[in-house]
Structures are given as structure tokens and as C-alpha cells.
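Data file: data-v9.cif. Format and content: mmCIF, N, CA and C atoms.
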```cif
data_entry
#
loop_
_atom_site.label_atom_id
_atom_site.label_comp_id
_atom_site.auth_asym_id
_atom_site.auth_seq_id
_atom_site.Cartn_x
_atom_site.Cartn_y
_atom_site.Cartn_z
N MET A 14 -23.09 21.67 0.11
CA MET A 14 -22.32 20.77 -0.74
C MET A 14 -20.93 21.33 -1.01
N GLU A 15 -19.96 20.45 -1.12
CA GLU A 15 -18.61 20.88 -1.43
C GLU A 15 -18.45 21.01 -2.94
N PRO A 16 -17.56 21.90 -3.38
CA PRO A 16 -17.32 22.00 -4.82
C PRO A 16 -16.78 20.67 -5.35
N GLY A 17 -17.26 20.27 -6.51
CA GLY A 17 -16.78 19.03 -7.12
C GLY A 17 -17.52 17.79 -6.68
N ILE A 18 -18.33 17.89 -5.62
CA ILE A 18 -19.11 16.73 -5.17
C ILE A 18 -20.49 16.86 -5.79
N VAL A 19 -20.81 15.98 -6.73
CA VAL A 19 -22.07 16.09 -7.44
C VAL A 19 -23.18 15.42 -6.64
N ASP A 20 -22.92 14.22 -6.20
CA ASP A 20 -23.94 13.46 -5.50
C ASP A 20 -23.25 12.74 -4.36
N GLY A 21 -23.69 12.96 -3.14
CA GLY A 21 -23.05 12.28 -2.03
C GLY A 21 -23.26 13.04 -0.75
N ALA A 22 -22.64 12.56 0.30
CA ALA A 22 -22.78 13.20 1.61
C ALA A 22 -22.22 14.62 1.52
N PRO A 23 -22.82 15.55 2.25
CA PRO A 23 -22.38 16.95 2.15
C PRO A 23 -20.94 17.19 2.58
N HIS A 24 -20.39 16.37 3.46
CA HIS A 24 -19.01 16.57 3.92
C HIS A 24 -18.11 15.40 3.53
N HIS A 25 -18.43 14.76 2.42
CA HIS A 25 -17.67 13.58 1.98
C HIS A 25 -16.16 13.87 1.93
N GLY A 26 -15.78 15.01 1.35
CA GLY A 26 -14.36 15.35 1.23
C GLY A 26 -13.68 15.49 2.57
N ASP A 27 -14.32 16.20 3.50
CA ASP A 27 -13.76 16.36 4.85
C ASP A 27 -13.65 15.01 5.54
N ASN A 28 -14.71 14.23 5.44
CA ASN A 28 -14.75 12.94 6.13
C ASN A 28 -13.73 11.95 5.58
N ASN A 29 -13.30 12.16 4.33
CA ASN A 29 -12.37 11.22 3.71
C ASN A 29 -10.99 11.82 3.49
N ALA A 30 -10.70 12.94 4.16
CA ALA A 30 -9.39 13.59 4.01
C ALA A 30 -8.26 12.63 4.37
N TYR A 31 -8.49 11.75 5.34
CA TYR A 31 -7.46 10.79 5.77
C TYR A 31 -7.09 9.83 4.64
N ARG A 32 -7.94 9.74 3.62
CA ARG A 32 -7.68 8.82 2.50
C ARG A 32 -6.96 9.50 1.36
N ARG A 33 -6.65 10.80 1.49
CA ARG A 33 -5.93 11.52 0.44
C ARG A 33 -4.43 11.48 0.74
N SER A 34 -3.66 11.16 -0.29
CA SER A 34 -2.21 11.12 -0.09
C SER A 34 -1.63 12.53 -0.21
N GLY A 35 -0.45 12.71 0.37
CA GLY A 35 0.23 13.99 0.31
C GLY A 35 0.79 14.27 -1.08
N GLU A 36 1.23 15.49 -1.27
CA GLU A 36 1.81 15.91 -2.56
C GLU A 36 3.24 15.39 -2.68
N MET A 37 3.64 15.06 -3.90
CA MET A 37 5.02 14.67 -4.18
C MET A 37 5.67 15.76 -5.03
N SER A 38 6.94 16.03 -4.78
CA SER A 38 7.67 16.94 -5.67
C SER A 38 7.90 16.19 -6.98
N ALA A 39 8.20 16.93 -8.05
CA ALA A 39 8.42 16.30 -9.35
C ALA A 39 9.59 15.31 -9.30
N ALA A 40 10.66 15.69 -8.62
CA ALA A 40 11.83 14.81 -8.53
C ALA A 40 11.49 13.55 -7.74
N SER A 41 10.75 13.70 -6.64
CA SER A 41 10.36 12.54 -5.83
C SER A 41 9.43 11.62 -6.61
N ALA A 42 8.50 12.21 -7.37
CA ALA A 42 7.57 11.41 -8.18
C ALA A 42 8.34 10.58 -9.20
N LYS A 43 9.37 11.17 -9.79
CA LYS A 43 10.20 10.47 -10.79
C LYS A 43 10.93 9.30 -10.12
N ASP A 44 11.51 9.55 -8.93
CA ASP A 44 12.21 8.48 -8.19
C ASP A 44 11.24 7.37 -7.80
N ALA A 45 10.04 7.75 -7.35
CA ALA A 45 9.05 6.75 -6.94
C ALA A 45 8.66 5.88 -8.13
N GLN A 46 8.50 6.50 -9.30
CA GLN A 46 8.13 5.73 -10.50
C GLN A 46 9.22 4.75 -10.88
N LYS A 47 10.48 5.16 -10.69
CA LYS A 47 11.62 4.28 -10.98
C LYS A 47 11.54 3.01 -10.10
N GLU A 48 11.22 3.21 -8.81
CA GLU A 48 11.10 2.06 -7.89
C GLU A 48 9.87 1.22 -8.23
N ALA A 49 8.76 1.87 -8.60
CA ALA A 49 7.56 1.13 -8.99
C ALA A 49 7.86 0.25 -10.20
N ASP A 50 8.65 0.77 -11.13
CA ASP A 50 9.02 0.00 -12.32
C ASP A 50 9.91 -1.20 -11.98
N ARG A 51 10.64 -1.14 -10.87
CA ARG A 51 11.45 -2.30 -10.42
C ARG A 51 10.55 -3.33 -9.74
N ILE A 52 9.55 -2.86 -8.99
CA ILE A 52 8.70 -3.75 -8.18
C ILE A 52 7.66 -4.48 -9.03
N GLU A 53 7.11 -3.79 -10.03
CA GLU A 53 6.01 -4.38 -10.80
C GLU A 53 6.32 -5.74 -11.42
N PRO A 54 7.47 -5.93 -12.10
CA PRO A 54 7.73 -7.25 -12.68
C PRO A 54 7.86 -8.36 -11.62
N VAL A 55 8.33 -8.01 -10.44
CA VAL A 55 8.45 -8.99 -9.35
C VAL A 55 7.05 -9.43 -8.90
N LEU A 56 6.14 -8.46 -8.72
CA LEU A 56 4.78 -8.81 -8.31
C LEU A 56 4.06 -9.59 -9.41
N LYS A 57 4.33 -9.23 -10.66
CA LYS A 57 3.71 -9.95 -11.78
C LYS A 57 4.16 -11.41 -11.78
N ARG A 58 5.46 -11.61 -11.54
CA ARG A 58 6.00 -12.98 -11.49
C ARG A 58 5.40 -13.76 -10.32
N LEU A 59 5.35 -13.13 -9.13
CA LEU A 59 4.79 -13.80 -7.96
C LEU A 59 3.32 -14.15 -8.19
N TRP A 60 2.58 -13.20 -8.78
CA TRP A 60 1.17 -13.42 -9.04
C TRP A 60 0.99 -14.62 -9.98
N GLY A 61 1.82 -14.68 -11.01
CA GLY A 61 1.78 -15.79 -11.94
C GLY A 61 2.10 -17.13 -11.28
N GLN A 62 2.94 -17.07 -10.25
CA GLN A 62 3.31 -18.28 -9.50
C GLN A 62 2.34 -18.58 -8.36
N LYS A 63 1.30 -17.75 -8.23
CA LYS A 63 0.30 -17.87 -7.15
C LYS A 63 0.94 -17.76 -5.77
N LYS A 64 1.94 -16.87 -5.68
CA LYS A 64 2.62 -16.62 -4.39
C LYS A 64 2.31 -15.19 -3.98
N TRP A 65 1.31 -15.03 -3.14
CA TRP A 65 0.96 -13.67 -2.71
C TRP A 65 0.93 -13.54 -1.20
N ASP A 66 1.47 -14.53 -0.50
CA ASP A 66 1.55 -14.42 0.97
C ASP A 66 2.65 -13.41 1.32
N PRO A 67 2.47 -12.67 2.44
CA PRO A 67 3.44 -11.63 2.80
C PRO A 67 4.88 -12.13 2.90
N LYS A 68 5.10 -13.35 3.39
CA LYS A 68 6.46 -13.88 3.55
C LYS A 68 7.16 -14.02 2.19
N SER A 69 6.48 -14.59 1.20
CA SER A 69 7.06 -14.76 -0.14
C SER A 69 7.31 -13.41 -0.80
N VAL A 70 6.34 -12.49 -0.65
CA VAL A 70 6.45 -11.17 -1.27
C VAL A 70 7.63 -10.41 -0.65
N ARG A 71 7.71 -10.45 0.67
CA ARG A 71 8.81 -9.76 1.38
C ARG A 71 10.16 -10.29 0.92
N ALA A 72 10.29 -11.61 0.84
CA ALA A 72 11.56 -12.23 0.43
C ALA A 72 11.94 -11.80 -0.99
N ALA A 73 10.97 -11.79 -1.90
CA ALA A 73 11.25 -11.42 -3.29
C ALA A 73 11.66 -9.95 -3.40
N LEU A 74 11.02 -9.07 -2.63
CA LEU A 74 11.35 -7.65 -2.70
C LEU A 74 12.68 -7.35 -2.00
N ARG A 75 13.02 -8.12 -0.99
CA ARG A 75 14.33 -7.95 -0.34
C ARG A 75 15.45 -8.31 -1.31
N GLU A 76 15.18 -9.22 -2.25
CA GLU A 76 16.18 -9.57 -3.26
C GLU A 76 16.52 -8.37 -4.15
N LEU A 77 15.63 -7.36 -4.21
CA LEU A 77 15.91 -6.14 -4.98
C LEU A 77 16.79 -5.18 -4.17
N GLY A 78 17.07 -5.56 -2.92
CA GLY A 78 17.94 -4.72 -2.10
C GLY A 78 17.21 -3.84 -1.10
N TYR A 79 15.89 -3.95 -1.03
CA TYR A 79 15.13 -3.14 -0.07
C TYR A 79 15.30 -3.72 1.33
N GLU A 80 15.39 -2.84 2.29
CA GLU A 80 15.51 -3.24 3.69
C GLU A 80 14.18 -2.96 4.39
N GLU A 81 13.78 -3.84 5.28
CA GLU A 81 12.52 -3.65 5.98
C GLU A 81 12.57 -2.41 6.87
N GLU A 82 11.48 -1.65 6.84
CA GLU A 82 11.40 -0.44 7.67
C GLU A 82 11.31 -0.85 9.14
N ARG A 83 12.07 -0.15 9.96
CA ARG A 83 12.07 -0.40 11.39
C ARG A 83 11.61 0.87 12.10
N THR A 84 10.82 0.68 13.15
CA THR A 84 10.36 1.84 13.92
C THR A 84 10.62 1.61 15.39
N GLY A 85 10.76 2.72 16.11
CA GLY A 85 10.98 2.67 17.55
C GLY A 85 9.67 2.63 18.31
N PRO A 86 9.74 2.65 19.64
CA PRO A 86 8.56 2.51 20.48
C PRO A 86 7.53 3.63 20.29
N LYS A 87 7.97 4.80 19.84
CA LYS A 87 7.04 5.92 19.64
C LYS A 87 6.68 6.08 18.16
N GLY A 88 6.99 5.05 17.35
CA GLY A 88 6.65 5.09 15.94
C GLY A 88 7.68 5.82 15.09
N GLU A 89 8.78 6.25 15.71
CA GLU A 89 9.80 6.97 14.93
C GLU A 89 10.52 6.01 13.99
N ARG A 90 10.84 6.49 12.81
CA ARG A 90 11.50 5.65 11.81
C ARG A 90 12.99 5.50 12.15
N LEU A 91 13.44 4.24 12.17
CA LEU A 91 14.83 3.95 12.52
C LEU A 91 15.65 3.44 11.34
N GLY A 92 15.06 3.35 10.17
CA GLY A 92 15.79 2.88 9.01
C GLY A 92 14.96 1.90 8.20
N GLY A 93 15.46 1.58 7.02
CA GLY A 93 14.73 0.69 6.11
C GLY A 93 13.58 1.44 5.45
N THR A 94 13.09 0.91 4.37
CA THR A 94 12.06 1.59 3.60
C THR A 94 10.88 0.71 3.22
N LEU A 95 10.98 -0.60 3.38
CA LEU A 95 9.97 -1.55 2.88
C LEU A 95 9.12 -2.11 4.02
N THR A 96 7.81 -2.12 3.81
CA THR A 96 6.90 -2.81 4.73
C THR A 96 5.98 -3.69 3.90
N VAL A 97 5.88 -4.95 4.28
CA VAL A 97 4.96 -5.89 3.62
C VAL A 97 4.10 -6.49 4.73
N ARG A 98 2.79 -6.43 4.55
CA ARG A 98 1.90 -7.00 5.56
C ARG A 98 0.67 -7.62 4.91
N LYS A 99 -0.10 -8.33 5.73
CA LYS A 99 -1.29 -8.98 5.17
C LYS A 99 -2.34 -7.95 4.80
N MET A 100 -3.30 -8.37 4.03
CA MET A 100 -4.38 -7.51 3.54
C MET A 100 -5.23 -7.02 4.73
N HIS A 101 -5.97 -5.93 4.50
CA HIS A 101 -6.90 -5.44 5.52
C HIS A 101 -8.06 -6.42 5.64
N PRO A 102 -8.52 -6.69 6.87
CA PRO A 102 -9.71 -7.54 7.00
C PRO A 102 -10.93 -6.80 6.47
N ARG A 103 -11.90 -7.55 5.99
CA ARG A 103 -13.15 -6.93 5.56
C ARG A 103 -14.31 -7.75 6.13
N TYR A 104 -15.41 -7.11 6.27
CA TYR A 104 -16.58 -7.76 6.85
C TYR A 104 -17.32 -8.54 5.78
N GLU A 105 -17.61 -9.80 6.05
CA GLU A 105 -18.38 -10.62 5.11
C GLU A 105 -19.50 -11.33 5.85
N ILE A 106 -20.71 -11.05 5.48
CA ILE A 106 -21.95 -11.62 6.03
C ILE A 106 -22.02 -11.44 7.55
N ASP A 107 -21.29 -12.25 8.32
CA ASP A 107 -21.40 -12.14 9.77
C ASP A 107 -20.06 -12.20 10.49
N HIS A 108 -18.98 -12.00 9.77
CA HIS A 108 -17.66 -12.07 10.41
C HIS A 108 -16.62 -11.31 9.58
N ASN A 109 -15.49 -11.01 10.20
CA ASN A 109 -14.39 -10.40 9.47
C ASN A 109 -13.59 -11.47 8.77
N LEU A 110 -13.12 -11.16 7.58
CA LEU A 110 -12.33 -12.09 6.79
C LEU A 110 -11.10 -11.33 6.30
N THR A 111 -9.93 -11.91 6.48
CA THR A 111 -8.72 -11.30 5.93
C THR A 111 -8.38 -12.04 4.65
N PRO A 112 -8.52 -11.37 3.50
CA PRO A 112 -8.24 -12.05 2.23
C PRO A 112 -6.77 -12.43 2.12
N GLU A 113 -6.49 -13.47 1.33
CA GLU A 113 -5.11 -13.84 1.04
C GLU A 113 -4.48 -12.71 0.26
N GLY A 114 -3.20 -12.48 0.48
CA GLY A 114 -2.51 -11.47 -0.29
C GLY A 114 -1.58 -10.65 0.58
N ALA A 115 -0.93 -9.68 -0.05
CA ALA A 115 0.03 -8.84 0.66
C ALA A 115 -0.13 -7.38 0.23
N LEU A 116 0.00 -6.50 1.20
CA LEU A 116 0.06 -5.05 0.96
C LEU A 116 1.52 -4.65 1.06
N ILE A 117 1.96 -3.78 0.17
CA ILE A 117 3.35 -3.36 0.13
C ILE A 117 3.41 -1.84 0.21
N GLY A 118 4.27 -1.34 1.08
CA GLY A 118 4.54 0.09 1.15
C GLY A 118 6.04 0.29 1.10
N LEU A 119 6.50 1.13 0.18
CA LEU A 119 7.92 1.44 0.07
C LEU A 119 8.08 2.95 0.17
N ARG A 120 8.81 3.39 1.18
CA ARG A 120 9.05 4.82 1.34
C ARG A 120 10.27 5.19 0.50
N VAL A 121 10.05 5.98 -0.54
CA VAL A 121 11.13 6.36 -1.45
C VAL A 121 11.79 7.64 -0.94
N HIS A 122 10.99 8.61 -0.55
CA HIS A 122 11.44 9.86 0.08
C HIS A 122 10.39 10.22 1.15
N ASP A 123 10.65 11.25 1.93
CA ASP A 123 9.64 11.66 2.92
C ASP A 123 8.31 12.00 2.27
N ASP A 124 8.35 12.45 1.01
CA ASP A 124 7.12 12.84 0.33
C ASP A 124 6.71 11.88 -0.79
N ALA A 125 7.32 10.69 -0.85
CA ALA A 125 7.03 9.78 -1.97
C ALA A 125 7.05 8.32 -1.56
N CYS A 126 6.05 7.59 -2.03
CA CYS A 126 5.91 6.17 -1.72
C CYS A 126 5.55 5.38 -2.97
N VAL A 127 5.84 4.09 -2.91
CA VAL A 127 5.26 3.13 -3.84
C VAL A 127 4.30 2.32 -2.98
N THR A 128 3.06 2.23 -3.42
CA THR A 128 2.03 1.48 -2.71
C THR A 128 1.57 0.38 -3.65
N ALA A 129 1.54 -0.85 -3.16
CA ALA A 129 1.20 -1.97 -4.05
C ALA A 129 0.47 -3.06 -3.27
N PHE A 130 -0.11 -3.96 -4.03
CA PHE A 130 -0.68 -5.17 -3.43
C PHE A 130 -0.62 -6.28 -4.45
N VAL A 131 -0.65 -7.51 -3.94
CA VAL A 131 -0.77 -8.68 -4.81
C VAL A 131 -1.72 -9.63 -4.09
N GLN A 132 -2.69 -10.15 -4.83
CA GLN A 132 -3.68 -11.07 -4.27
C GLN A 132 -4.13 -12.01 -5.37
N LYS A 133 -5.00 -12.96 -5.01
CA LYS A 133 -5.43 -14.00 -5.93
C LYS A 133 -5.95 -13.44 -7.26
N THR A 134 -6.77 -12.39 -7.22
CA THR A 134 -7.43 -11.90 -8.42
C THR A 134 -6.58 -10.95 -9.25
N ASN A 135 -5.65 -10.21 -8.62
CA ASN A 135 -4.89 -9.21 -9.37
C ASN A 135 -3.74 -8.65 -8.52
N PHE A 136 -3.00 -7.73 -9.12
CA PHE A 136 -1.96 -7.00 -8.39
C PHE A 136 -1.93 -5.59 -8.94
N GLU A 137 -1.39 -4.67 -8.16
CA GLU A 137 -1.31 -3.28 -8.59
C GLU A 137 -0.11 -2.62 -7.95
N VAL A 138 0.53 -1.73 -8.69
CA VAL A 138 1.65 -0.95 -8.19
C VAL A 138 1.38 0.50 -8.58
N LYS A 139 1.43 1.41 -7.60
CA LYS A 139 1.23 2.82 -7.92
C LYS A 139 2.12 3.68 -7.04
N THR A 140 2.28 4.93 -7.43
CA THR A 140 3.07 5.86 -6.64
C THR A 140 2.15 6.90 -6.04
N ASN A 141 2.51 7.39 -4.86
CA ASN A 141 1.70 8.41 -4.21
C ASN A 141 2.52 9.05 -3.10
N GLY A 142 2.04 10.17 -2.62
CA GLY A 142 2.62 10.77 -1.43
C GLY A 142 2.11 9.98 -0.23
N PRO A 143 2.73 10.16 0.94
CA PRO A 143 2.28 9.43 2.12
C PRO A 143 0.90 9.89 2.59
N PHE A 144 0.21 9.01 3.27
CA PHE A 144 -1.09 9.32 3.85
C PHE A 144 -0.88 9.86 5.26
N MET A 145 -1.75 10.78 5.65
CA MET A 145 -1.61 11.48 6.91
C MET A 145 -1.39 10.54 8.11
N GLU A 146 -2.23 9.52 8.22
CA GLU A 146 -2.19 8.67 9.41
C GLU A 146 -1.55 7.32 9.20
N SER A 147 -1.30 6.93 7.94
CA SER A 147 -0.86 5.56 7.71
C SER A 147 0.37 5.44 6.82
N GLY A 148 1.11 6.53 6.67
CA GLY A 148 2.35 6.47 5.90
C GLY A 148 2.12 6.07 4.45
N CYS A 149 2.85 5.06 4.00
CA CYS A 149 2.76 4.65 2.60
C CYS A 149 1.56 3.74 2.32
N PHE A 150 0.81 3.38 3.34
CA PHE A 150 -0.35 2.50 3.13
C PHE A 150 -1.62 3.31 3.04
N GLU A 151 -2.41 3.03 2.00
CA GLU A 151 -3.72 3.66 1.88
C GLU A 151 -4.58 3.13 3.02
N PRO A 152 -5.19 4.02 3.81
CA PRO A 152 -5.98 3.51 4.94
C PRO A 152 -7.23 2.79 4.45
N PRO A 153 -7.69 1.80 5.23
CA PRO A 153 -8.94 1.12 4.84
C PRO A 153 -10.10 2.10 5.03
N TYR A 154 -11.21 1.82 4.36
CA TYR A 154 -12.40 2.66 4.53
C TYR A 154 -12.93 2.51 5.95
N GLY A 155 -13.40 3.61 6.52
CA GLY A 155 -14.10 3.57 7.81
C GLY A 155 -15.51 3.11 7.56
N HIS A 156 -16.42 3.42 8.49
CA HIS A 156 -17.79 3.00 8.23
C HIS A 156 -18.68 4.20 8.11
#
```
Represent the structure of the file as C-alpha cells.
Amino acid sequence: MEPGIVDGAPHHGDNNAYRRSGEMSAASAKDAQKEADRIEPVLKRLWGQKKWDPKSVRAALRELGYEEERTGPKGERLGGTLTVRKMHPRYEIDHNLTPEGALIGLRVHDDACVTAFVQKTNFEVKTNGPFMESGCFEPPYGH
């Protein structure tokens, strides 16, 4: 058993390392929180208006001055900091279903992100370091 794991698979921590975000410096964490505080009222307004499709969310966040993140053929970052995409699909009964809503990733610094979502039931905005394999997006659970 790993330290801190009371009940669960013996290698739960190792198996879920990809789901842990990187460390943020204090200054980066402060900057990320500043951006999260700008984004939250926009998502709250969109949620209240029942607008959680990626196109509407992207347009509203671009009004704050964020530029969409662009990448090259090898995944290298070419500029911009904002990515808005549809929700992760999930398995329901006998098929995959992609819920309505939008996932938001904003790269504030190399070590700091704002990660958010807005969907029919709720919205959330939080700050975190980047994830090993998925940048500012929290990876979906494996199986």
C-alpha cells in the first residue's frame, strides 16, 4: 500500500499520476487566480443564459481579450492561451454520450492554468498547474 491510501488499489497513486497537475510558483498561482476571477462572472452569466456550447463560451471569453491557443504540427505552441472544446464523452448504458457543455483551458504561465467548465447542471473555475499529458485540461478517467 502507498502512504496516504487508506482503502483502494495498491498502486492507485502511480496509476493516476497523469491526473495530478504540476506545481505552480506563488507568483504564477496569484496570476492564475486573477484570470480565474475574470472568467468566473462570464461563465456564471452564460450559465444563467443557458449558453454552454463551446462556440458561445469561446466568443464570450475572447471578449475578455484572450486569444485562442495555436499549435504546430508537432504540438508545439505557436501563440494564444485559450482553448475551449466540447465535454469529454462518457459511456452510458450501451453507447458513448458527449454531454452538452464546454471545457475551458487557459494557459497563464508555463506552470499555471485556469481550468473551467460550464454545463447544464453547473459551472466551475479553478486554478492548477498543467497536467503531464494534457496541458491545462484535466485528463478524463481511464478505465
- Query: Got a sec to resolve the PyMOL selection byres ((chain A and resi 117) around 6) on this structure and send the residues as an MDAnalysis selection string?
  - Reply: chainID A and resid 96:98 115:116 118:119 127:130
- Task: May I ask which of the residues A:Ala42, A:Glu80, A:Ala49, A:Met145 is the closest one to A:Gly92, counting only N, CA and C atoms?
- Result: A:Glu80
- Query: If we count only C-alpha atoms, what is near A:Lys99 at a cut-off of 12 Å, once residues fewer than 5 positions away on the same chain are taken out, given as a ChimeraX atom specification?
  - Reply: /A:65-71,110-118,129-132,150
- If you run DSSP on this backbone, which residues of stretch 28-89 of chain A come out as helix (DSSP H, G or I), and could you give them as number ranges by chain? A: 28, 30-32, 39-61, 67-75
- Point-to-point distance from atom CA of A:Thr94 to atom CA of A:Val121, Å rounded to tenths: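 Distance between the two atoms: 7.0 Å.
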Write a file for stretch 104-115 of chain A of the given structure; include N, CA and C atoms and format it as a short mmCIF file (atom, residue, chain, number, x, y, z; two decimals), in the first residue's frame.
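Listing of selection_37.cif after writing:
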```
data_model
loop_
_atom_site.label_atom_id
_atom_site.label_comp_id
_atom_site.auth_asym_id
_atom_site.auth_seq_id
_atom_site.Cartn_x
_atom_site.Cartn_y
_atom_site.Cartn_z
N TYR A 104 -19.43 7.02 -21.14
CA TYR A 104 -20.19 5.83 -21.52
C TYR A 104 -21.49 5.79 -20.75
N GLU A 105 -22.59 5.61 -21.46
CA GLU A 105 -23.90 5.49 -20.82
C GLU A 105 -24.63 4.28 -21.36
N ILE A 106 -24.94 3.34 -20.50
CA ILE A 106 -25.65 2.10 -20.79
C ILE A 106 -24.98 1.31 -21.91
N ASP A 107 -25.16 1.71 -23.17
CA ASP A 107 -24.58 0.93 -24.27
C ASP A 107 -23.93 1.78 -25.35
N HIS A 108 -23.64 3.03 -25.04
CA HIS A 108 -23.03 3.90 -26.05
C HIS A 108 -22.32 5.08 -25.38
N ASN A 109 -21.45 5.73 -26.13
CA ASN A 109 -20.81 6.95 -25.63
C ASN A 109 -21.72 8.13 -25.85
N LEU A 110 -21.72 9.03 -24.90
CA LEU A 110 -22.54 10.23 -24.97
C LEU A 110 -21.64 11.42 -24.63
N THR A 111 -21.68 12.45 -25.46
CA THR A 111 -20.94 13.67 -25.14
C THR A 111 -21.93 14.66 -24.57
N PRO A 112 -21.80 14.97 -23.27
CA PRO A 112 -22.76 15.90 -22.65
C PRO A 112 -22.63 17.29 -23.25
N GLU A 113 -23.72 18.06 -23.19
CA GLU A 113 -23.68 19.46 -23.61
C GLU A 113 -22.76 20.20 -22.66
N GLY A 114 -22.06 21.18 -23.18
CA GLY A 114 -21.22 21.98 -22.32
C GLY A 114 -19.88 22.28 -22.97
N ALA A 115 -19.03 22.99 -22.23
CA ALA A 115 -17.73 23.38 -22.74
C ALA A 115 -16.67 23.22 -21.66
#
```
